[in-house]
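Below is one structure, written out as structure tokens; the observations come after it.
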Amino acid sequence: MTEPAATFQERSAHPRVEQVPLAHVSIELGHLYMEDYEGGIDQLRRHFSEIKPWVAAAEQRIADVVGPGKRPRISTCFLVDDYFTTFSTPAEVIAQLVEAAGDNGLTIDYVAREAACADAGDARPAELVLDRLVPDPSPGTDGVWPPPQESGWLTNGSRPPGTSPQPAMARDAGFQPPAENAKNRHSIFLAVEIFSEGPGGRLWSCPYLASVWQLLRLGMLRCEGRPVAPPQPAGDRLPATWAEMPPILRLNPAAQPFSAYRTLSMLARRFQNIEAAVGVVLSQVNVDEEVQRQLRRRAEGEGFGLPDDLVQRISYVFDGDTTKIL
């Protein structure tokens, strides 16, 4: 009679999944690019003046959802593009943002760097999400289109025309329109480029980085069980360059948590196509199940509704591009 062989496993093989503090809602007060800052602080004041009524409405709505006698946890954030263009300094830009917001009665709790969605020091958020992409299979898929990790593309349906593997002289099968997988009578087909390859290496697309940004705000990302890019206090002095700035900077010491059960973004209408692409990406992300369980359990404990679908946890206000108004 032989005894069963003992098996040993490193504890690190199953790292503990740490939880993150959660607000009820994270409100993004803006996502601007270099050209949006060219008009100076007056241009920023117009931006915050435009979104101020929407912020007040959102605060009232979340208070109604949480219910009487309960204090809603609301945090605000702002995303600065330092990935596609590097400009000015954190000290100059953040000072103008804080002043312009304050002039309109708004407080920016957190400022984040868009480049941190690609590289956050100890973690590479964009790579983490790429590893968790599970493409939505189309009916009759033949496997010709490579996975997004190779192609750099995601779609919400069957591949677009022009990608048929048929030889050039093969019999013409006629026009084959693209089709949305979950269409409602008619298709709205979207194809999203998530990255491109160039001489300088891989360049992540704006919609893909925006998807990573949403996952960070929803508290869904972990690296070996640890939260990715936890906010750091601003301290007395801001860094001299964007590269030296932490991925997410907490400006308000009394702020509610950065991550939240739900997110709301106040954006100009020019971002509408980008955010539609964000929905395509997030619908195909296989989030860590333990993270999902933690959030569901905590939301249920608070009596706070939390849809299973990540896309349904995200809301937007799209308005005119007032930063361009003279």
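Residue numbers start at 1 in each chain; chains themselves are named A, B, ... in the order of the structure tokens; ligands are numbered from 1 in the order shown.
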
For Gln284 in chain A, find every residue with an atom within 12 Å (counting only C-alpha atoms), except residues of its own chain fewer than 4 positions away, and show them as an mmCIF file with all heavy atoms, in the first residue's frame.
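Below you can see selection_34.cif, which holds the result:
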data_model
loop_
_atom_site.group_PDB
_atom_site.id
_atom_site.type_symbol
_atom_site.label_atom_id
_atom_site.label_comp_id
_atom_site.auth_asym_id
_atom_site.auth_seq_id
_atom_site.Cartn_x
_atom_site.Cartn_y
_atom_site.Cartn_z
ATOM 1 N N VAL A 129 -5.340 44.528 -19.020
ATOM 2 C CA VAL A 129 -6.669 44.427 -19.645
ATOM 3 C C VAL A 129 -6.587 43.621 -20.935
ATOM 4 O O VAL A 129 -7.475 42.808 -21.235
ATOM 5 C CB VAL A 129 -7.249 45.831 -19.910
ATOM 6 C CG1 VAL A 129 -8.582 45.730 -20.644
ATOM 7 C CG2 VAL A 129 -7.436 46.576 -18.586
ATOM 8 N N LEU A 130 -5.523 43.819 -21.708
ATOM 9 C CA LEU A 130 -5.360 43.075 -22.964
ATOM 10 C C LEU A 130 -5.382 41.572 -22.710
ATOM 11 O O LEU A 130 -5.994 40.813 -23.471
ATOM 12 C CB LEU A 130 -4.051 43.481 -23.639
ATOM 13 C CG LEU A 130 -3.805 42.894 -25.037
ATOM 14 C CD1 LEU A 130 -4.785 43.488 -26.047
ATOM 15 C CD2 LEU A 130 -2.372 43.152 -25.488
ATOM 16 N N ASP A 131 -4.735 41.142 -21.629
ATOM 17 C CA ASP A 131 -4.701 39.717 -21.301
ATOM 18 C C ASP A 131 -6.078 39.187 -20.924
ATOM 19 O O ASP A 131 -6.291 37.962 -20.932
ATOM 20 C CB ASP A 131 -3.735 39.465 -20.141
ATOM 21 C CG ASP A 131 -2.276 39.676 -20.534
ATOM 22 O OD1 ASP A 131 -1.988 39.653 -21.742
ATOM 23 O OD2 ASP A 131 -1.445 39.890 -19.634
ATOM 24 N N ARG A 132 -7.001 40.072 -20.582
ATOM 25 C CA ARG A 132 -8.336 39.647 -20.138
ATOM 26 C C ARG A 132 -9.417 39.874 -21.198
ATOM 27 O O ARG A 132 -10.596 39.740 -20.907
ATOM 28 C CB ARG A 132 -8.715 40.359 -18.835
ATOM 29 C CG ARG A 132 -7.936 39.845 -17.644
ATOM 30 C CD ARG A 132 -8.510 40.306 -16.323
ATOM 31 N NE ARG A 132 -7.992 39.508 -15.217
ATOM 32 C CZ ARG A 132 -8.499 38.349 -14.815
ATOM 33 N NH1 ARG A 132 -9.559 37.851 -15.420
ATOM 34 N NH2 ARG A 132 -7.963 37.691 -13.806
ATOM 35 N N LEU A 133 -9.002 40.229 -22.401
ATOM 36 C CA LEU A 133 -9.984 40.401 -23.479
ATOM 37 C C LEU A 133 -10.430 39.042 -23.998
ATOM 38 O O LEU A 133 -9.608 38.185 -24.349
ATOM 39 C CB LEU A 133 -9.388 41.217 -24.627
ATOM 40 C CG LEU A 133 -9.178 42.707 -24.360
ATOM 41 C CD1 LEU A 133 -8.574 43.371 -25.591
ATOM 42 C CD2 LEU A 133 -10.486 43.391 -23.984
ATOM 43 N N VAL A 134 -11.737 38.849 -24.036
ATOM 44 C CA VAL A 134 -12.319 37.630 -24.583
ATOM 45 C C VAL A 134 -13.317 38.062 -25.657
ATOM 46 O O VAL A 134 -14.431 38.474 -25.331
ATOM 47 C CB VAL A 134 -13.036 36.800 -23.494
ATOM 48 C CG1 VAL A 134 -13.621 35.533 -24.101
ATOM 49 C CG2 VAL A 134 -12.081 36.465 -22.367
ATOM 50 N N PRO A 135 -12.918 38.015 -26.926
ATOM 51 C CA PRO A 135 -13.788 38.510 -28.003
ATOM 52 C C PRO A 135 -15.140 37.830 -28.017
ATOM 53 O O PRO A 135 -15.254 36.622 -27.790
ATOM 54 C CB PRO A 135 -13.002 38.194 -29.277
ATOM 55 C CG PRO A 135 -11.587 38.068 -28.826
ATOM 56 C CD PRO A 135 -11.651 37.495 -27.437
ATOM 57 N N ASP A 136 -16.160 38.621 -28.254
ATOM 58 C CA ASP A 136 -17.525 38.117 -28.366
ATOM 59 C C ASP A 136 -17.639 37.338 -29.673
ATOM 60 O O ASP A 136 -17.550 37.927 -30.752
ATOM 61 C CB ASP A 136 -18.492 39.305 -28.365
ATOM 62 C CG ASP A 136 -19.938 38.866 -28.326
ATOM 63 O OD1 ASP A 136 -20.196 37.676 -28.086
ATOM 64 O OD2 ASP A 136 -20.817 39.727 -28.543
ATOM 65 N N PRO A 137 -17.810 36.010 -29.629
ATOM 66 C CA PRO A 137 -17.827 35.234 -30.872
ATOM 67 C C PRO A 137 -19.077 35.497 -31.695
ATOM 68 O O PRO A 137 -20.182 35.596 -31.171
ATOM 69 C CB PRO A 137 -17.787 33.783 -30.377
ATOM 70 C CG PRO A 137 -18.399 33.833 -29.025
ATOM 71 C CD PRO A 137 -18.010 35.166 -28.446
ATOM 72 N N PRO A 147 -7.101 36.932 -32.977
ATOM 73 C CA PRO A 147 -7.566 37.514 -31.710
ATOM 74 C C PRO A 147 -7.049 38.937 -31.556
ATOM 75 O O PRO A 147 -6.048 39.333 -32.168
ATOM 76 C CB PRO A 147 -6.972 36.586 -30.653
ATOM 77 C CG PRO A 147 -5.807 35.926 -31.320
ATOM 78 C CD PRO A 147 -6.190 35.788 -32.759
ATOM 79 N N PRO A 148 -7.712 39.753 -30.703
ATOM 80 C CA PRO A 148 -7.319 41.155 -30.554
ATOM 81 C C PRO A 148 -5.896 41.337 -30.058
ATOM 82 O O PRO A 148 -5.253 42.342 -30.367
ATOM 83 C CB PRO A 148 -8.340 41.701 -29.553
ATOM 84 C CG PRO A 148 -8.882 40.508 -28.840
ATOM 85 C CD PRO A 148 -8.858 39.418 -29.848
ATOM 86 N N TRP A 153 -7.468 44.725 -32.913
ATOM 87 C CA TRP A 153 -8.833 45.158 -33.222
ATOM 88 C C TRP A 153 -9.847 44.342 -32.419
ATOM 89 O O TRP A 153 -9.649 43.158 -32.165
ATOM 90 C CB TRP A 153 -9.134 44.984 -34.710
ATOM 91 C CG TRP A 153 -8.472 45.996 -35.582
ATOM 92 C CD1 TRP A 153 -7.197 45.959 -36.079
ATOM 93 C CD2 TRP A 153 -9.048 47.216 -36.051
ATOM 94 N NE1 TRP A 153 -6.945 47.071 -36.830
ATOM 95 C CE2 TRP A 153 -8.059 47.869 -36.841
ATOM 96 C CE3 TRP A 153 -10.293 47.831 -35.892
ATOM 97 C CZ2 TRP A 153 -8.281 49.095 -37.454
ATOM 98 C CZ3 TRP A 153 -10.525 49.046 -36.500
ATOM 99 C CH2 TRP A 153 -9.531 49.666 -37.279
ATOM 100 N N LEU A 154 -10.950 45.019 -32.060
ATOM 101 C CA LEU A 154 -12.120 44.387 -31.462
ATOM 102 C C LEU A 154 -13.353 44.838 -32.225
ATOM 103 O O LEU A 154 -13.408 45.982 -32.694
ATOM 104 C CB LEU A 154 -12.283 44.809 -30.001
ATOM 105 C CG LEU A 154 -11.582 44.016 -28.899
ATOM 106 C CD1 LEU A 154 -11.900 44.655 -27.560
ATOM 107 C CD2 LEU A 154 -12.012 42.553 -28.896
ATOM 108 N N THR A 155 -14.349 43.972 -32.328
ATOM 109 C CA THR A 155 -15.616 44.367 -32.943
ATOM 110 C C THR A 155 -16.760 43.889 -32.058
ATOM 111 O O THR A 155 -16.571 43.076 -31.153
ATOM 112 C CB THR A 155 -15.796 43.757 -34.351
ATOM 113 O OG1 THR A 155 -16.107 42.365 -34.231
ATOM 114 C CG2 THR A 155 -14.552 43.933 -35.200
ATOM 115 N N ASN A 156 -17.957 44.383 -32.363
ATOM 116 C CA ASN A 156 -19.140 43.935 -31.640
ATOM 117 C C ASN A 156 -20.000 43.035 -32.515
ATOM 118 O O ASN A 156 -21.194 42.882 -32.286
ATOM 119 C CB ASN A 156 -19.972 45.120 -31.156
ATOM 120 C CG ASN A 156 -20.566 45.909 -32.310
ATOM 121 O OD1 ASN A 156 -20.106 45.813 -33.448
ATOM 122 N ND2 ASN A 156 -21.609 46.691 -32.029
ATOM 123 N N GLY A 157 -19.373 42.433 -33.555
ATOM 124 C CA GLY A 157 -20.137 41.565 -34.439
ATOM 125 C C GLY A 157 -19.231 40.809 -35.381
ATOM 126 O O GLY A 157 -18.039 40.613 -35.119
ATOM 127 N N VAL A 192 -13.152 48.543 -33.409
ATOM 128 C CA VAL A 192 -12.324 49.423 -32.583
ATOM 129 C C VAL A 192 -10.863 48.994 -32.671
ATOM 130 O O VAL A 192 -10.535 47.839 -32.376
ATOM 131 C CB VAL A 192 -12.782 49.378 -31.111
ATOM 132 C CG1 VAL A 192 -11.949 50.341 -30.275
ATOM 133 C CG2 VAL A 192 -14.263 49.685 -30.993
ATOM 134 N N TYR A 208 -9.120 52.707 -26.197
ATOM 135 C CA TYR A 208 -8.660 51.628 -25.326
ATOM 136 C C TYR A 208 -8.176 52.174 -23.985
ATOM 137 O O TYR A 208 -8.506 51.636 -22.924
ATOM 138 C CB TYR A 208 -7.544 50.838 -26.009
ATOM 139 C CG TYR A 208 -7.111 49.625 -25.216
ATOM 140 C CD1 TYR A 208 -7.963 48.526 -25.089
ATOM 141 C CD2 TYR A 208 -5.885 49.586 -24.580
ATOM 142 C CE1 TYR A 208 -7.589 47.418 -24.350
ATOM 143 C CE2 TYR A 208 -5.504 48.476 -23.833
ATOM 144 C CZ TYR A 208 -6.354 47.401 -23.719
ATOM 145 O OH TYR A 208 -5.988 46.308 -22.984
ATOM 146 N N SER A 211 -11.018 52.993 -21.891
ATOM 147 C CA SER A 211 -11.604 51.789 -21.286
ATOM 148 C C SER A 211 -10.853 51.402 -20.015
ATOM 149 O O SER A 211 -11.459 51.049 -18.994
ATOM 150 C CB SER A 211 -11.557 50.626 -22.282
ATOM 151 O OG SER A 211 -12.226 50.946 -23.486
ATOM 152 N N ALA A 277 -16.937 53.275 -28.432
ATOM 153 C CA ALA A 277 -15.911 52.242 -28.567
ATOM 154 C C ALA A 277 -15.541 51.664 -27.206
ATOM 155 O O ALA A 277 -15.245 50.470 -27.091
ATOM 156 C CB ALA A 277 -14.681 52.833 -29.252
ATOM 157 N N VAL A 278 -15.558 52.491 -26.163
ATOM 158 C CA VAL A 278 -15.292 52.010 -24.813
ATOM 159 C C VAL A 278 -16.290 50.910 -24.450
ATOM 160 O O VAL A 278 -15.926 49.893 -23.847
ATOM 161 C CB VAL A 278 -15.364 53.166 -23.793
ATOM 162 C CG1 VAL A 278 -15.404 52.631 -22.358
ATOM 163 C CG2 VAL A 278 -14.174 54.107 -23.972
ATOM 164 N N GLY A 279 -17.554 51.093 -24.821
ATOM 165 C CA GLY A 279 -18.561 50.073 -24.544
ATOM 166 C C GLY A 279 -18.247 48.750 -25.219
ATOM 167 O O GLY A 279 -18.473 47.676 -24.647
ATOM 168 N N VAL A 280 -17.713 48.808 -26.449
ATOM 169 C CA VAL A 280 -17.338 47.582 -27.164
ATOM 170 C C VAL A 280 -16.212 46.870 -26.423
ATOM 171 O O VAL A 280 -16.236 45.649 -26.242
ATOM 172 C CB VAL A 280 -16.912 47.918 -28.610
ATOM 173 C CG1 VAL A 280 -16.359 46.665 -29.305
ATOM 174 C CG2 VAL A 280 -18.084 48.483 -29.397
ATOM 175 N N ASP A 309 -23.444 43.779 -15.728
ATOM 176 C CA ASP A 309 -22.780 44.283 -16.928
ATOM 177 C C ASP A 309 -21.994 45.554 -16.593
ATOM 178 O O ASP A 309 -22.558 46.550 -16.145
ATOM 179 C CB ASP A 309 -23.833 44.578 -18.000
ATOM 180 C CG ASP A 309 -23.226 45.008 -19.326
ATOM 181 O OD1 ASP A 309 -21.989 45.160 -19.402
ATOM 182 O OD2 ASP A 309 -23.995 45.204 -20.282
ATOM 183 N N LEU A 310 -20.674 45.537 -16.812
ATOM 184 C CA LEU A 310 -19.847 46.698 -16.512
ATOM 185 C C LEU A 310 -20.304 47.942 -17.266
ATOM 186 O O LEU A 310 -20.283 49.049 -16.720
ATOM 187 C CB LEU A 310 -18.382 46.411 -16.864
ATOM 188 C CG LEU A 310 -17.605 45.444 -15.989
ATOM 189 C CD1 LEU A 310 -16.168 45.341 -16.472
ATOM 190 C CD2 LEU A 310 -17.634 45.895 -14.537
ATOM 191 N N VAL A 311 -20.703 47.763 -18.508
ATOM 192 C CA VAL A 311 -21.100 48.915 -19.330
ATOM 193 C C VAL A 311 -22.289 49.634 -18.703
ATOM 194 O O VAL A 311 -22.403 50.865 -18.799
ATOM 195 C CB VAL A 311 -21.417 48.468 -20.770
ATOM 196 C CG1 VAL A 311 -21.862 49.658 -21.628
ATOM 197 C CG2 VAL A 311 -20.185 47.809 -21.409
#

Rounded to one decimal, what separation in Å do you get between CA of Asp288 in chain A and CA of Ser151 in chain A?
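Going from CA of Asp288 in chain A over to CA of Ser151 in chain A covers 23.6 Å.
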
Extract the full set of strand (DSSP E or B) residues from range 40-126 of chain A according to DSSP on the backbone, and format it as a list in words.
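Reading the DSSP output for range 40-126 of chain A, strand (DSSP E or B) covers Ile74, Ser75, Thr76, Cys77, Phe78, Leu79, Val80, Tyr110, Val111, Ala112 and Arg113 of chain A.
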
Which residues come within 12 Å of range 200-205 of chain A, counting only C-alpha atoms, excluding same-chain residues fewer than 3 positions away, as an MDAnalysis selection string?
chainID A and resid 83:84 114:119 124:127 129:130 149:150 152:154 192:197 208:212 274 277:278 281
